[in-house]
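*Asks:* This is final.pdb (PDB, C-alpha atoms, pLDDT in the B column).
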ATOM      1  CA  SER A 254       0.000   0.000   0.000  1.00 64.00           C
ATOM      2  CA  ALA A 255       1.083   3.603  -0.522  1.00 76.00           C
ATOM      3  CA  VAL A 256       2.782   5.693   2.114  1.00 93.00           C
ATOM      4  CA  ILE A 257       1.211   8.958   3.289  1.00 96.00           C
ATOM      5  CA  SER A 258       3.712  11.208   5.055  1.00 97.00           C
ATOM      6  CA  GLN A 259       2.894  14.321   7.024  1.00 98.00           C
ATOM      7  CA  LYS A 260       5.418  16.871   8.186  1.00 98.00           C
ATOM      8  CA  PRO A 261       5.919  17.995  10.833  1.00 98.00           C
ATOM      9  CA  SER A 262       4.593  15.214  13.050  1.00 97.00           C
ATOM     10  CA  ARG A 263       4.216  17.693  15.891  1.00 98.00           C
ATOM     11  CA  ASP A 264       5.005  21.306  16.697  1.00 98.00           C
ATOM     12  CA  ILE A 265       4.616  23.865  19.434  1.00 98.00           C
ATOM     13  CA  CYS A 266       3.949  27.341  18.076  1.00 98.00           C
ATOM     14  CA  GLN A 267       3.511  30.839  19.428  1.00 98.00           C
ATOM     15  CA  ARG A 268       0.139  32.485  19.066  1.00 98.00           C
ATOM     16  CA  GLY A 269      -0.101  34.836  16.127  1.00 98.00           C
ATOM     17  CA  THR A 270       2.285  32.820  13.982  1.00 98.00           C
ATOM     18  CA  SER A 271       1.488  30.463  11.089  1.00 98.00           C
ATOM     19  CA  LEU A 272       2.415  26.844  10.453  1.00 98.00           C
ATOM     20  CA  THR A 273       2.405  25.007   7.136  1.00 98.00           C
ATOM     21  CA  ILE A 274       1.777  21.265   7.221  1.00 98.00           C
ATOM     22  CA  GLN A 275       2.834  19.093   4.312  1.00 98.00           C
ATOM     23  CA  CYS A 276       1.239  15.889   3.041  1.00 98.00           C
ATOM     24  CA  GLN A 277       3.205  13.743   0.594  1.00 98.00           C
ATOM     25  CA  VAL A 278       1.963  10.524  -0.995  1.00 97.00           C
ATOM     26  CA  ASP A 279       4.303   8.119  -2.771  1.00 96.00           C
ATOM     27  CA  SER A 280       1.822   7.539  -5.617  1.00 94.00           C
ATOM     28  CA  GLN A 281      -0.667   9.706  -7.481  1.00 94.00           C
ATOM     29  CA  VAL A 282      -4.071  10.039  -5.831  1.00 93.00           C
ATOM     30  CA  THR A 283      -7.359  11.392  -7.079  1.00 91.00           C
ATOM     31  CA  MET A 284      -8.513  13.149  -3.935  1.00 92.00           C
ATOM     32  CA  MET A 285      -6.852  14.813  -0.962  1.00 95.00           C
ATOM     33  CA  PHE A 286      -8.666  16.141   2.094  1.00 96.00           C
ATOM     34  CA  TRP A 287      -7.695  17.887   5.315  1.00 98.00           C
ATOM     35  CA  TYR A 288      -9.333  17.108   8.683  1.00 98.00           C
ATOM     36  CA  ARG A 289      -9.019  18.534  12.176  1.00 98.00           C
ATOM     37  CA  GLN A 290      -9.249  16.470  15.352  1.00 98.00           C
ATOM     38  CA  GLN A 291      -9.524  18.572  18.475  1.00 96.00           C
ATOM     39  CA  PRO A 292      -8.268  17.050  21.741  1.00 93.00           C
ATOM     40  CA  GLY A 293     -10.324  14.011  22.689  1.00 91.00           C
ATOM     41  CA  GLN A 294     -12.750  14.640  19.841  1.00 94.00           C
ATOM     42  CA  SER A 295     -13.693  13.170  16.508  1.00 96.00           C
ATOM     43  CA  LEU A 296     -12.507  14.248  13.067  1.00 97.00           C
ATOM     44  CA  THR A 297     -14.017  17.212  11.251  1.00 97.00           C
ATOM     45  CA  LEU A 298     -13.524  17.885   7.554  1.00 96.00           C
ATOM     46  CA  ILE A 299     -11.811  21.209   6.874  1.00 97.00           C
ATOM     47  CA  ALA A 300     -11.628  21.191   3.088  1.00 97.00           C
ATOM     48  CA  THR A 301     -11.081  19.298  -0.120  1.00 95.00           C
ATOM     49  CA  ALA A 302      -7.713  20.081  -1.696  1.00 96.00           C
ATOM     50  CA  ASN A 303      -8.296  20.506  -5.432  1.00 92.00           C
ATOM     51  CA  GLN A 304      -5.395  20.142  -7.818  1.00 92.00           C
ATOM     52  CA  GLY A 305      -4.638  23.361  -9.628  1.00 87.00           C
ATOM     53  CA  SER A 306      -7.580  25.285  -8.201  1.00 89.00           C
ATOM     54  CA  GLU A 307      -8.846  26.732  -4.955  1.00 93.00           C
ATOM     55  CA  ALA A 308      -9.761  24.315  -2.193  1.00 95.00           C
ATOM     56  CA  THR A 309     -13.404  23.659  -1.305  1.00 94.00           C
ATOM     57  CA  TYR A 310     -14.039  24.577   2.322  1.00 96.00           C
ATOM     58  CA  GLU A 311     -16.628  23.189   4.727  1.00 95.00           C
ATOM     59  CA  SER A 312     -18.899  25.393   6.755  1.00 94.00           C
ATOM     60  CA  GLY A 313     -16.970  27.081   9.539  1.00 95.00           C
ATOM     61  CA  PHE A 314     -13.612  27.013   7.764  1.00 97.00           C
ATOM     62  CA  VAL A 315     -12.284  29.824   5.577  1.00 97.00           C
ATOM     63  CA  ILE A 316      -9.402  30.221   3.175  1.00 97.00           C
ATOM     64  CA  ASP A 317      -7.822  33.133   5.037  1.00 98.00           C
ATOM     65  CA  LYS A 318      -7.431  30.998   8.150  1.00 98.00           C
ATOM     66  CA  PHE A 319      -6.604  27.674   6.467  1.00 98.00           C
ATOM     67  CA  PRO A 320      -5.027  28.293   3.062  1.00 98.00           C
ATOM     68  CA  ILE A 321      -4.484  25.053   1.153  1.00 98.00           C
ATOM     69  CA  SER A 322      -2.366  24.244  -1.864  1.00 97.00           C
ATOM     70  CA  ARG A 323      -2.303  21.185  -4.085  1.00 97.00           C
ATOM     71  CA  PRO A 324       0.188  21.688  -6.920  1.00 96.00           C
ATOM     72  CA  ASN A 325       0.125  18.074  -8.150  1.00 96.00           C
ATOM     73  CA  LEU A 326      -1.404  14.624  -7.597  1.00 95.00           C
ATOM     74  CA  THR A 327       0.948  13.607  -4.775  1.00 96.00           C
ATOM     75  CA  PHE A 328       1.360  16.684  -2.582  1.00 97.00           C
ATOM     76  CA  SER A 329      -0.713  19.172  -0.578  1.00 98.00           C
ATOM     77  CA  THR A 330      -0.123  21.725   2.157  1.00 98.00           C
ATOM     78  CA  LEU A 331      -2.378  23.159   4.845  1.00 98.00           C
ATOM     79  CA  THR A 332      -1.422  26.397   6.577  1.00 98.00           C
ATOM     80  CA  VAL A 333      -2.884  27.320   9.944  1.00 98.00           C
ATOM     81  CA  SER A 334      -2.684  31.110  10.001  1.00 98.00           C
ATOM     82  CA  ASN A 335      -2.547  33.602  12.853  1.00 98.00           C
ATOM     83  CA  MET A 336      -2.763  30.796  15.363  1.00 98.00           C
ATOM     84  CA  SER A 337      -4.488  30.936  18.734  1.00 98.00           C
ATOM     85  CA  PRO A 338      -4.620  28.292  21.490  1.00 97.00           C
ATOM     86  CA  GLU A 339      -8.009  27.198  20.110  1.00 97.00           C
ATOM     87  CA  ASP A 340      -6.180  25.922  17.015  1.00 98.00           C
ATOM     88  CA  SER A 341      -4.383  23.290  19.099  1.00 98.00           C
ATOM     89  CA  SER A 342      -5.448  20.067  17.418  1.00 98.00           C
ATOM     90  CA  ILE A 343      -4.302  17.157  15.342  1.00 98.00           C
ATOM     91  CA  TYR A 344      -4.446  17.974  11.630  1.00 98.00           C
ATOM     92  CA  LEU A 345      -4.805  14.988   9.315  1.00 98.00           C
ATOM     93  CA  CYS A 346      -4.345  14.537   5.614  1.00 98.00           C
ATOM     94  CA  SER A 347      -6.570  11.985   3.875  1.00 97.00           C
ATOM     95  CA  VAL A 348      -6.240  10.564   0.355  1.00 96.00           C
ATOM     96  CA  GLU A 349      -8.389   8.514  -1.994  1.00 92.00           C
ATOM     97  CA  TRP A 350      -7.264   6.772  -5.144  1.00 87.00           C
ATOM     98  CA  GLY A 351     -10.706   6.861  -6.696  1.00 81.00           C
ATOM     99  CA  LEU A 352     -13.624   9.264  -6.463  1.00 74.00           C
ATOM    100  CA  ASN A 353     -15.670   8.598  -3.316  1.00 73.00           C
ATOM    101  CA  THR A 354     -13.813   5.400  -2.454  1.00 84.00           C
ATOM    102  CA  GLU A 355     -11.856   4.290   0.596  1.00 91.00           C
ATOM    103  CA  ALA A 356     -10.129   7.105   2.460  1.00 94.00           C
ATOM    104  CA  PHE A 357      -6.667   6.600   3.965  1.00 95.00           C
ATOM    105  CA  PHE A 358      -5.036   8.876   6.518  1.00 97.00           C
ATOM    106  CA  GLY A 359      -1.601  10.165   7.303  1.00 96.00           C
ATOM    107  CA  GLN A 360      -0.279   9.891  10.859  1.00 97.00           C
ATOM    108  CA  GLY A 361      -1.339  13.442  11.641  1.00 97.00           C
ATOM    109  CA  THR A 362       0.358  16.638  12.815  1.00 98.00           C
ATOM    110  CA  ARG A 363      -0.119  17.394  16.492  1.00 98.00           C
ATOM    111  CA  LEU A 364      -0.152  21.185  16.902  1.00 98.00           C
ATOM    112  CA  THR A 365       0.039  22.971  20.231  1.00 98.00           C
ATOM    113  CA  VAL A 366      -0.336  26.757  20.284  1.00 98.00           C
ATOM    114  CA  VAL A 367       0.965  28.575  23.354  1.00 98.00           C
TER
ATOM    115  CA  GLY B 213     -24.922  19.098   8.040  1.00 63.00           C
ATOM    116  CA  GLN B 214     -25.120  15.386   8.629  1.00 73.00           C
ATOM    117  CA  GLN B 215     -24.508  13.958  12.095  1.00 84.00           C
ATOM    118  CA  LEU B 216     -23.587  10.456  13.162  1.00 93.00           C
ATOM    119  CA  ASN B 217     -24.550   9.120  16.582  1.00 96.00           C
ATOM    120  CA  GLN B 218     -22.047   6.489  17.643  1.00 98.00           C
ATOM    121  CA  SER B 219     -22.531   4.260  20.665  1.00 98.00           C
ATOM    122  CA  PRO B 220     -21.408   3.227  23.094  1.00 98.00           C
ATOM    123  CA  GLN B 221     -18.988   6.034  23.915  1.00 97.00           C
ATOM    124  CA  SER B 222     -16.721   3.586  25.753  1.00 97.00           C
ATOM    125  CA  MET B 223     -16.588  -0.112  26.502  1.00 96.00           C
ATOM    126  CA  PHE B 224     -14.777  -1.947  29.275  1.00 96.00           C
ATOM    127  CA  ILE B 225     -14.631  -5.648  28.434  1.00 95.00           C
ATOM    128  CA  GLN B 226     -12.740  -8.788  29.329  1.00 96.00           C
ATOM    129  CA  GLU B 227     -10.297 -10.335  26.898  1.00 96.00           C
ATOM    130  CA  GLY B 228     -12.075 -12.920  24.779  1.00 96.00           C
ATOM    131  CA  GLU B 229     -15.449 -11.178  24.841  1.00 97.00           C
ATOM    132  CA  ASP B 230     -17.274 -10.072  21.732  1.00 97.00           C
ATOM    133  CA  VAL B 231     -17.760  -6.357  21.063  1.00 97.00           C
ATOM    134  CA  SER B 232     -20.541  -4.541  19.252  1.00 98.00           C
ATOM    135  CA  MET B 233     -20.814  -0.867  18.393  1.00 98.00           C
ATOM    136  CA  ASN B 234     -23.050   1.062  16.043  1.00 98.00           C
ATOM    137  CA  CYS B 235     -23.708   4.334  14.322  1.00 98.00           C
ATOM    138  CA  THR B 236     -27.033   5.874  13.411  1.00 97.00           C
ATOM    139  CA  SER B 237     -28.084   8.975  11.558  1.00 95.00           C
ATOM    140  CA  SER B 238     -31.232  10.819  10.599  1.00 92.00           C
ATOM    141  CA  SER B 239     -29.738  11.231   7.110  1.00 91.00           C
ATOM    142  CA  ILE B 240     -29.072   8.670   4.425  1.00 92.00           C
ATOM    143  CA  PHE B 241     -25.444   7.799   3.706  1.00 93.00           C
ATOM    144  CA  ASN B 242     -24.109   6.138   0.565  1.00 91.00           C
ATOM    145  CA  THR B 243     -20.898   4.803   2.100  1.00 93.00           C
ATOM    146  CA  TRP B 244     -19.994   3.645   5.584  1.00 95.00           C
ATOM    147  CA  LEU B 245     -16.416   3.213   6.738  1.00 97.00           C
ATOM    148  CA  TRP B 246     -15.034   1.953  10.042  1.00 98.00           C
ATOM    149  CA  TYR B 247     -11.661   3.104  11.392  1.00 98.00           C
ATOM    150  CA  LYS B 248      -9.470   2.359  14.395  1.00 98.00           C
ATOM    151  CA  GLN B 249      -7.209   5.015  15.886  1.00 98.00           C
ATOM    152  CA  GLU B 250      -4.426   4.420  18.391  1.00 96.00           C
ATOM    153  CA  PRO B 251      -2.645   7.161  20.361  1.00 93.00           C
ATOM    154  CA  GLY B 252      -0.376   9.304  18.222  1.00 92.00           C
ATOM    155  CA  GLU B 253      -1.529   7.738  14.981  1.00 95.00           C
ATOM    156  CA  GLY B 254      -3.950   8.552  12.210  1.00 96.00           C
ATOM    157  CA  PRO B 255      -7.114   6.475  11.741  1.00 97.00           C
ATOM    158  CA  VAL B 256      -6.580   3.107  10.074  1.00 97.00           C
ATOM    159  CA  LEU B 257      -9.302   1.802   7.758  1.00 97.00           C
ATOM    160  CA  LEU B 258     -10.857  -1.464   8.931  1.00 97.00           C
ATOM    161  CA  ILE B 259     -13.870  -2.041   6.689  1.00 97.00           C
ATOM    162  CA  ALA B 260     -15.607  -0.151   3.863  1.00 96.00           C
ATOM    163  CA  LEU B 261     -19.287  -0.676   2.978  1.00 96.00           C
ATOM    164  CA  TYR B 262     -20.884   0.564  -0.239  1.00 93.00           C
ATOM    165  CA  LYS B 263     -24.285  -1.138  -0.556  1.00 94.00           C
ATOM    166  CA  ALA B 264     -27.339  -1.109   1.696  1.00 95.00           C
ATOM    167  CA  GLY B 265     -27.564  -4.471   3.456  1.00 96.00           C
ATOM    168  CA  GLU B 266     -23.927  -5.318   2.739  1.00 96.00           C
ATOM    169  CA  LEU B 267     -22.231  -7.490   5.357  1.00 97.00           C
ATOM    170  CA  THR B 268     -18.431  -7.561   5.224  1.00 97.00           C
ATOM    171  CA  SER B 269     -15.819  -9.298   7.354  1.00 97.00           C
ATOM    172  CA  ASN B 270     -12.152  -8.608   7.938  1.00 96.00           C
ATOM    173  CA  GLY B 271     -10.716 -11.315  10.182  1.00 97.00           C
ATOM    174  CA  ARG B 272     -12.475 -11.065  13.548  1.00 98.00           C
ATOM    175  CA  LEU B 273     -14.264  -7.887  12.466  1.00 98.00           C
ATOM    176  CA  THR B 274     -17.685  -7.824  10.838  1.00 98.00           C
ATOM    177  CA  ALA B 275     -19.587  -4.744   9.738  1.00 98.00           C
ATOM    178  CA  GLN B 276     -22.939  -4.179   8.097  1.00 98.00           C
ATOM    179  CA  PHE B 277     -24.461  -1.348   6.096  1.00 97.00           C
ATOM    180  CA  GLY B 278     -28.010  -0.907   7.370  1.00 97.00           C
ATOM    181  CA  ILE B 279     -30.839  -1.549   4.935  1.00 96.00           C
ATOM    182  CA  THR B 280     -32.271   1.939   5.572  1.00 95.00           C
ATOM    183  CA  ARG B 281     -28.842   3.474   4.796  1.00 95.00           C
ATOM    184  CA  LYS B 282     -29.079   5.334   8.093  1.00 96.00           C
ATOM    185  CA  ASP B 283     -27.060   2.991  10.268  1.00 97.00           C
ATOM    186  CA  SER B 284     -24.118   0.606  10.472  1.00 98.00           C
ATOM    187  CA  PHE B 285     -22.646  -1.686  13.089  1.00 98.00           C
ATOM    188  CA  LEU B 286     -19.224  -3.150  13.769  1.00 98.00           C
ATOM    189  CA  ASN B 287     -18.672  -6.376  15.680  1.00 98.00           C
ATOM    190  CA  ILE B 288     -15.362  -7.672  16.992  1.00 98.00           C
ATOM    191  CA  SER B 289     -15.281 -11.304  18.026  1.00 98.00           C
ATOM    192  CA  ALA B 290     -13.026 -12.819  20.689  1.00 97.00           C
ATOM    193  CA  SER B 291     -11.306  -9.552  21.620  1.00 96.00           C
ATOM    194  CA  ILE B 292      -7.572  -9.494  22.252  1.00 96.00           C
ATOM    195  CA  PRO B 293      -5.381  -6.849  23.947  1.00 95.00           C
ATOM    196  CA  SER B 294      -4.288  -5.278  20.640  1.00 95.00           C
ATOM    197  CA  ASP B 295      -7.921  -4.399  19.881  1.00 97.00           C
ATOM    198  CA  VAL B 296      -7.628  -1.540  22.372  1.00 97.00           C
ATOM    199  CA  GLY B 297      -8.158   1.836  20.733  1.00 97.00           C
ATOM    200  CA  ILE B 298     -10.810   4.250  19.547  1.00 98.00           C
ATOM    201  CA  TYR B 299     -13.134   3.043  16.802  1.00 98.00           C
ATOM    202  CA  PHE B 300     -14.807   5.575  14.519  1.00 98.00           C
ATOM    203  CA  CYS B 301     -17.605   5.164  12.063  1.00 98.00           C
ATOM    204  CA  ALA B 302     -17.618   7.499   9.079  1.00 97.00           C
ATOM    205  CA  GLY B 303     -20.233   8.119   6.434  1.00 95.00           C
ATOM    206  CA  ARG B 304     -20.296   9.745   3.049  1.00 92.00           C
ATOM    207  CA  VAL B 305     -23.171  11.361   1.170  1.00 85.00           C
ATOM    208  CA  TYR B 306     -22.649  11.800  -2.536  1.00 76.00           C
ATOM    209  CA  SER B 307     -23.451  15.368  -3.455  1.00 72.00           C
ATOM    210  CA  GLY B 308     -23.258  14.652  -7.150  1.00 69.00           C
ATOM    211  CA  GLY B 309     -20.881  17.538  -7.579  1.00 67.00           C
ATOM    212  CA  GLY B 310     -17.664  15.561  -7.253  1.00 66.00           C
ATOM    213  CA  ALA B 311     -15.610  14.535  -4.266  1.00 65.00           C
ATOM    214  CA  ASP B 312     -17.236  14.352  -0.878  1.00 82.00           C
ATOM    215  CA  GLY B 313     -15.453  14.142   2.448  1.00 90.00           C
ATOM    216  CA  LEU B 314     -16.453  12.014   5.401  1.00 94.00           C
ATOM    217  CA  THR B 315     -18.644  12.712   8.425  1.00 95.00           C
ATOM    218  CA  PHE B 316     -17.313  10.973  11.527  1.00 97.00           C
ATOM    219  CA  GLY B 317     -19.013   9.605  14.608  1.00 97.00           C
ATOM    220  CA  LYS B 318     -17.652  10.619  18.014  1.00 97.00           C
ATOM    221  CA  GLY B 319     -15.884   7.303  18.510  1.00 97.00           C
ATOM    222  CA  THR B 320     -16.085   4.259  20.764  1.00 98.00           C
ATOM    223  CA  HIS B 321     -13.203   3.892  23.190  1.00 98.00           C
ATOM    224  CA  LEU B 322     -12.504   0.173  23.661  1.00 98.00           C
ATOM    225  CA  ILE B 323     -10.676  -0.856  26.831  1.00 97.00           C
ATOM    226  CA  ILE B 324      -9.838  -4.494  27.471  1.00 93.00           C
ATOM    227  CA  GLN B 325      -9.263  -5.778  30.957  1.00 86.00           C
ATOM    228  CA  PRO B 326      -6.969  -8.800  31.215  1.00 78.00           C
TER
END
As a first step, turn the structure in this file into C-alpha cells.
*Replies:*
Amino acid sequence: SAVISQKPSRDICQRGTSLTIQCQVDSQVTMMFWYRQQPGQSLTLIATANQGSEATYESGFVIDKFPISRPNLTFSTLTVSNMSPEDSSIYLCSVEWGLNTEAFFGQGTRLTVV
Amino acid sequence: GQQLNQSPQSMFIQEGEDVSMNCTSSSIFNTWLWYKQEPGEGPVLLIALYKAGELTSNGRLTAQFGITRKDSFLNISASIPSDVGIYFCAGRVYSGGGADGLTFGKGTHLIIQP
C-alpha cells in the first residue's frame, strides 16, 4: 500500500504565527482532504484540496485561516494562520485513489499553540 | 450538516469477549467506513461498505451497512489486547458535484481488561 507522510509530526507554536503542514503521498491520488481532530474529539472535515484550483471549504472554515495548496497529484499543504490556542489540534491529511472510495489517513500533525 | 450518533462512547470488556458498536443517523449515507485510531496515529481503515444491506468481514471484524442506509454496526469477536483503541464510524453522502469528504461519529473507546 502507498505511504502517506505528514510533516511535521508535531510542533509547538507561538500564538499569532502560522504553520504550514505538508502531506506527501508516494503515488498519485485522485482526492486529498484535510481534517481537524480537536483534543479528545472526533474528526471534522476542513476542506477538499483541489489540484490546480482553490480548495473547497466546509462550513466554519475559511481560506484566510486555512489556506491550502495542491500543486500536483501527490502533494498538498495546509497552513494554519494567525494561530491561537483554540487551534491546538491534530491535523490529518486523507487521500483517496478513486472518487468517493476508501479514504486513507496520514499519521497526523499534532499542533500545540501557546 | 449530517450527524452520526455512535454508541457506546466507551466499553470496558474482558479479553475474549465479543464487542458490538453502532452508528445511526437521521440522514441517508451512501458509504460507511469503520476506522481504528491508536494514540499518536492517524485512523486506520478497517472495513468499507458501499451497498445497503452489505455485510463484510475482515478477520475477527464484521460490519454491516443498514438496509435503511441510516445505520451501520461493527462487531469484533473474541477480543484481544491489541484491539484496544478508539473506533470511529464514518459516512459519506454523494453530493453529485464531485468529491465528498467524510462525516465521523464521536468514537467508541474500547478498553480491554486482562
*Asks:* Please measure the separation of CA of Ile279 in chain B and CA of Ser239 in chain B, giving the value in Å to one decimal.
*Replies:*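 Those two atoms sit 13.0 Å apart.
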*Asks:* So what does the ChimeraX specification (/A :<8) & /B actually pick up in this one, as a PyMOL selection string?
*Replies:* chain B and resi 245+252-257+260+300+304+306+310-319
*Asks:* Using only C-alpha atoms, which protein or nucleic acid residues come within 9 Å of Gln276 in chain B? Drop anything in the same chain fewer than 3 positions from it, and give the result as a list in words.
*Replies:*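 Counting only C-alpha atoms, the residues come to Trp244, Leu261, Ala264, Gly265, Glu266, Leu267, Thr268, Ser269, Ile279, Asp283, Ser284, Phe285, Leu286 and Asn287 of chain B.
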*Asks:* What is the CA of Gly313 in chain A to CA of Leu331 in chain A distance in Å?
*Replies:* 15.8 Å
*Asks:* I would like the residues chosen by the PyMOL selection byres ((chain A and resi 280) around 10) on the shown file; could you give them as a list in words?
*Replies:* Ser254, Ala255, Val256, Ile257, Gln277, Val278, Asp279, Gln281, Val282, Leu326, Thr327, Phe328 and Trp350 of chain A
*Asks:* Between B:Gly303, B:Arg272, B:Ile324, B:Tyr247, single out the one closest to Leu216 in chain B, counting all atoms listed in the file.
*Replies:*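 Distance minimum relative to Leu216 in chain B lands on B:Gly303.
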*Asks:* Do you have the CA of Gln215 in chain B-CA of Cys301 in chain B distance handy?
*Replies:*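 Between CA of Gln215 in chain B and CA of Cys301 in chain B the gap works out to 11.2 Å.
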*Asks:* Might you spell out which residues the PyMOL selection byres ((chain B and resi 222-232) around 9) would select in the displayed file, as a PyMOL selection string?
*Replies:* chain B and resi 219-221+233-234+285-293+298+319-326
*Asks:* Kindly indicate which residue among A:Thr273, A:Ser306, A:Gln267, A:Ser258 lies nearest to Ser337 in chain A, using only C-alpha atoms for the distances.
*Replies:* A:Gln267
*Asks:* Which centre and which edge lengths, in Å to one decimal, describe the axis-aligned box that holds all listed atoms of range 271-274 of chain A after 8 Å is added on each side, as JSON?
*Replies:*
{"center_x": 2.0, "center_y": 25.9, "center_z": 9.1, "size_x": 16.9, "size_y": 25.2, "size_z": 20.0}
*Asks:* Dump as a CSV table (one decimal) with C-alpha atoms, in the frame of the given file all residues having an atom at most 8 Å from (-4.6, 19.4, 19.0), computed in the file's coordinates with all atoms listed in the file.
*Replies:*
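The resulting file, point04.csv, is reproduced below:
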chain,number,residue,atom,x,y,z
A,290,GLN,CA,-9.2,16.5,15.4
A,291,GLN,CA,-9.5,18.6,18.5
A,292,PRO,CA,-8.3,17.0,21.7
A,340,ASP,CA,-6.2,25.9,17.0
A,341,SER,CA,-4.4,23.3,19.1
A,342,SER,CA,-5.4,20.1,17.4
A,343,ILE,CA,-4.3,17.2,15.3
A,344,TYR,CA,-4.4,18.0,11.6
A,363,ARG,CA,-0.1,17.4,16.5
A,364,LEU,CA,-0.2,21.2,16.9
A,365,THR,CA,0.0,23.0,20.2
*Asks:* Of the candidates B:Ser307, B:Thr280, B:Thr236, B:Thr243, which shows the shortest atom-to-atom distance to Tyr262 in chain B, using all atoms listed in the file?
*Replies:*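 Smallest separation from Tyr262 in chain B among the options: B:Thr243.
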*Asks:* Take range 311-326 of chain B, bring it up to N, CA and C atoms, and give me the output as a PDB file, in the frame of the given file.
*Replies:*
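Wrote result_24.pdb, looks like this:
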ATOM      1  N   ALA B 311     -16.117  15.211  -5.459  1.00 65.00           N
ATOM      2  CA  ALA B 311     -15.610  14.535  -4.266  1.00 65.00           C
ATOM      3  C   ALA B 311     -16.359  14.983  -3.026  1.00 65.00           C
ATOM      4  N   ASP B 312     -16.577  14.054  -2.144  1.00 82.00           N
ATOM      5  CA  ASP B 312     -17.236  14.352  -0.878  1.00 82.00           C
ATOM      6  C   ASP B 312     -16.399  13.794   0.264  1.00 82.00           C
ATOM      7  N   GLY B 313     -16.179  14.610   1.284  1.00 90.00           N
ATOM      8  CA  GLY B 313     -15.453  14.142   2.448  1.00 90.00           C
ATOM      9  C   GLY B 313     -16.338  13.312   3.350  1.00 90.00           C
ATOM     10  N   LEU B 314     -15.785  12.899   4.461  1.00 94.00           N
ATOM     11  CA  LEU B 314     -16.453  12.014   5.401  1.00 94.00           C
ATOM     12  C   LEU B 314     -16.990  12.765   6.610  1.00 94.00           C
ATOM     13  N   THR B 315     -18.113  12.277   7.135  1.00 95.00           N
ATOM     14  CA  THR B 315     -18.644  12.712   8.425  1.00 95.00           C
ATOM     15  C   THR B 315     -18.343  11.610   9.425  1.00 95.00           C
ATOM     16  N   PHE B 316     -17.739  11.970  10.550  1.00 97.00           N
ATOM     17  CA  PHE B 316     -17.313  10.973  11.527  1.00 97.00           C
ATOM     18  C   PHE B 316     -18.231  10.939  12.738  1.00 97.00           C
ATOM     19  N   GLY B 317     -18.399   9.729  13.301  1.00 97.00           N
ATOM     20  CA  GLY B 317     -19.013   9.605  14.608  1.00 97.00           C
ATOM     21  C   GLY B 317     -18.029  10.055  15.679  1.00 97.00           C
ATOM     22  N   LYS B 318     -18.492  10.116  16.926  1.00 97.00           N
ATOM     23  CA  LYS B 318     -17.652  10.619  18.014  1.00 97.00           C
ATOM     24  C   LYS B 318     -16.702   9.573  18.562  1.00 97.00           C
ATOM     25  N   GLY B 319     -16.840   8.319  18.122  1.00 97.00           N
ATOM     26  CA  GLY B 319     -15.884   7.303  18.510  1.00 97.00           C
ATOM     27  C   GLY B 319     -16.348   6.436  19.659  1.00 97.00           C
ATOM     28  N   THR B 320     -15.870   5.196  19.667  1.00 98.00           N
ATOM     29  CA  THR B 320     -16.085   4.259  20.764  1.00 98.00           C
ATOM     30  C   THR B 320     -14.721   3.864  21.298  1.00 98.00           C
ATOM     31  N   HIS B 321     -14.485   4.188  22.568  1.00 98.00           N
ATOM     32  CA  HIS B 321     -13.203   3.892  23.190  1.00 98.00           C
ATOM     33  C   HIS B 321     -13.268   2.486  23.779  1.00 98.00           C
ATOM     34  N   LEU B 322     -12.491   1.562  23.223  1.00 98.00           N
ATOM     35  CA  LEU B 322     -12.504   0.173  23.661  1.00 98.00           C
ATOM     36  C   LEU B 322     -11.342  -0.090  24.609  1.00 98.00           C
ATOM     37  N   ILE B 323     -11.677  -0.534  25.812  1.00 97.00           N
ATOM     38  CA  ILE B 323     -10.676  -0.856  26.831  1.00 97.00           C
ATOM     39  C   ILE B 323     -10.858  -2.312  27.206  1.00 97.00           C
ATOM     40  N   ILE B 324      -9.774  -3.068  27.185  1.00 93.00           N
ATOM     41  CA  ILE B 324      -9.838  -4.494  27.471  1.00 93.00           C
ATOM     42  C   ILE B 324      -9.112  -4.787  28.771  1.00 93.00           C
ATOM     43  N   GLN B 325      -9.835  -5.430  29.658  1.00 86.00           N
ATOM     44  CA  GLN B 325      -9.263  -5.778  30.957  1.00 86.00           C
ATOM     45  C   GLN B 325      -8.765  -7.215  30.894  1.00 86.00           C
ATOM     46  N   PRO B 326      -7.539  -7.446  31.316  1.00 78.00           N
ATOM     47  CA  PRO B 326      -6.969  -8.800  31.215  1.00 78.00           C
ATOM     48  C   PRO B 326      -7.657  -9.780  32.154  1.00 78.00           C
TER      49      PRO B 326
END
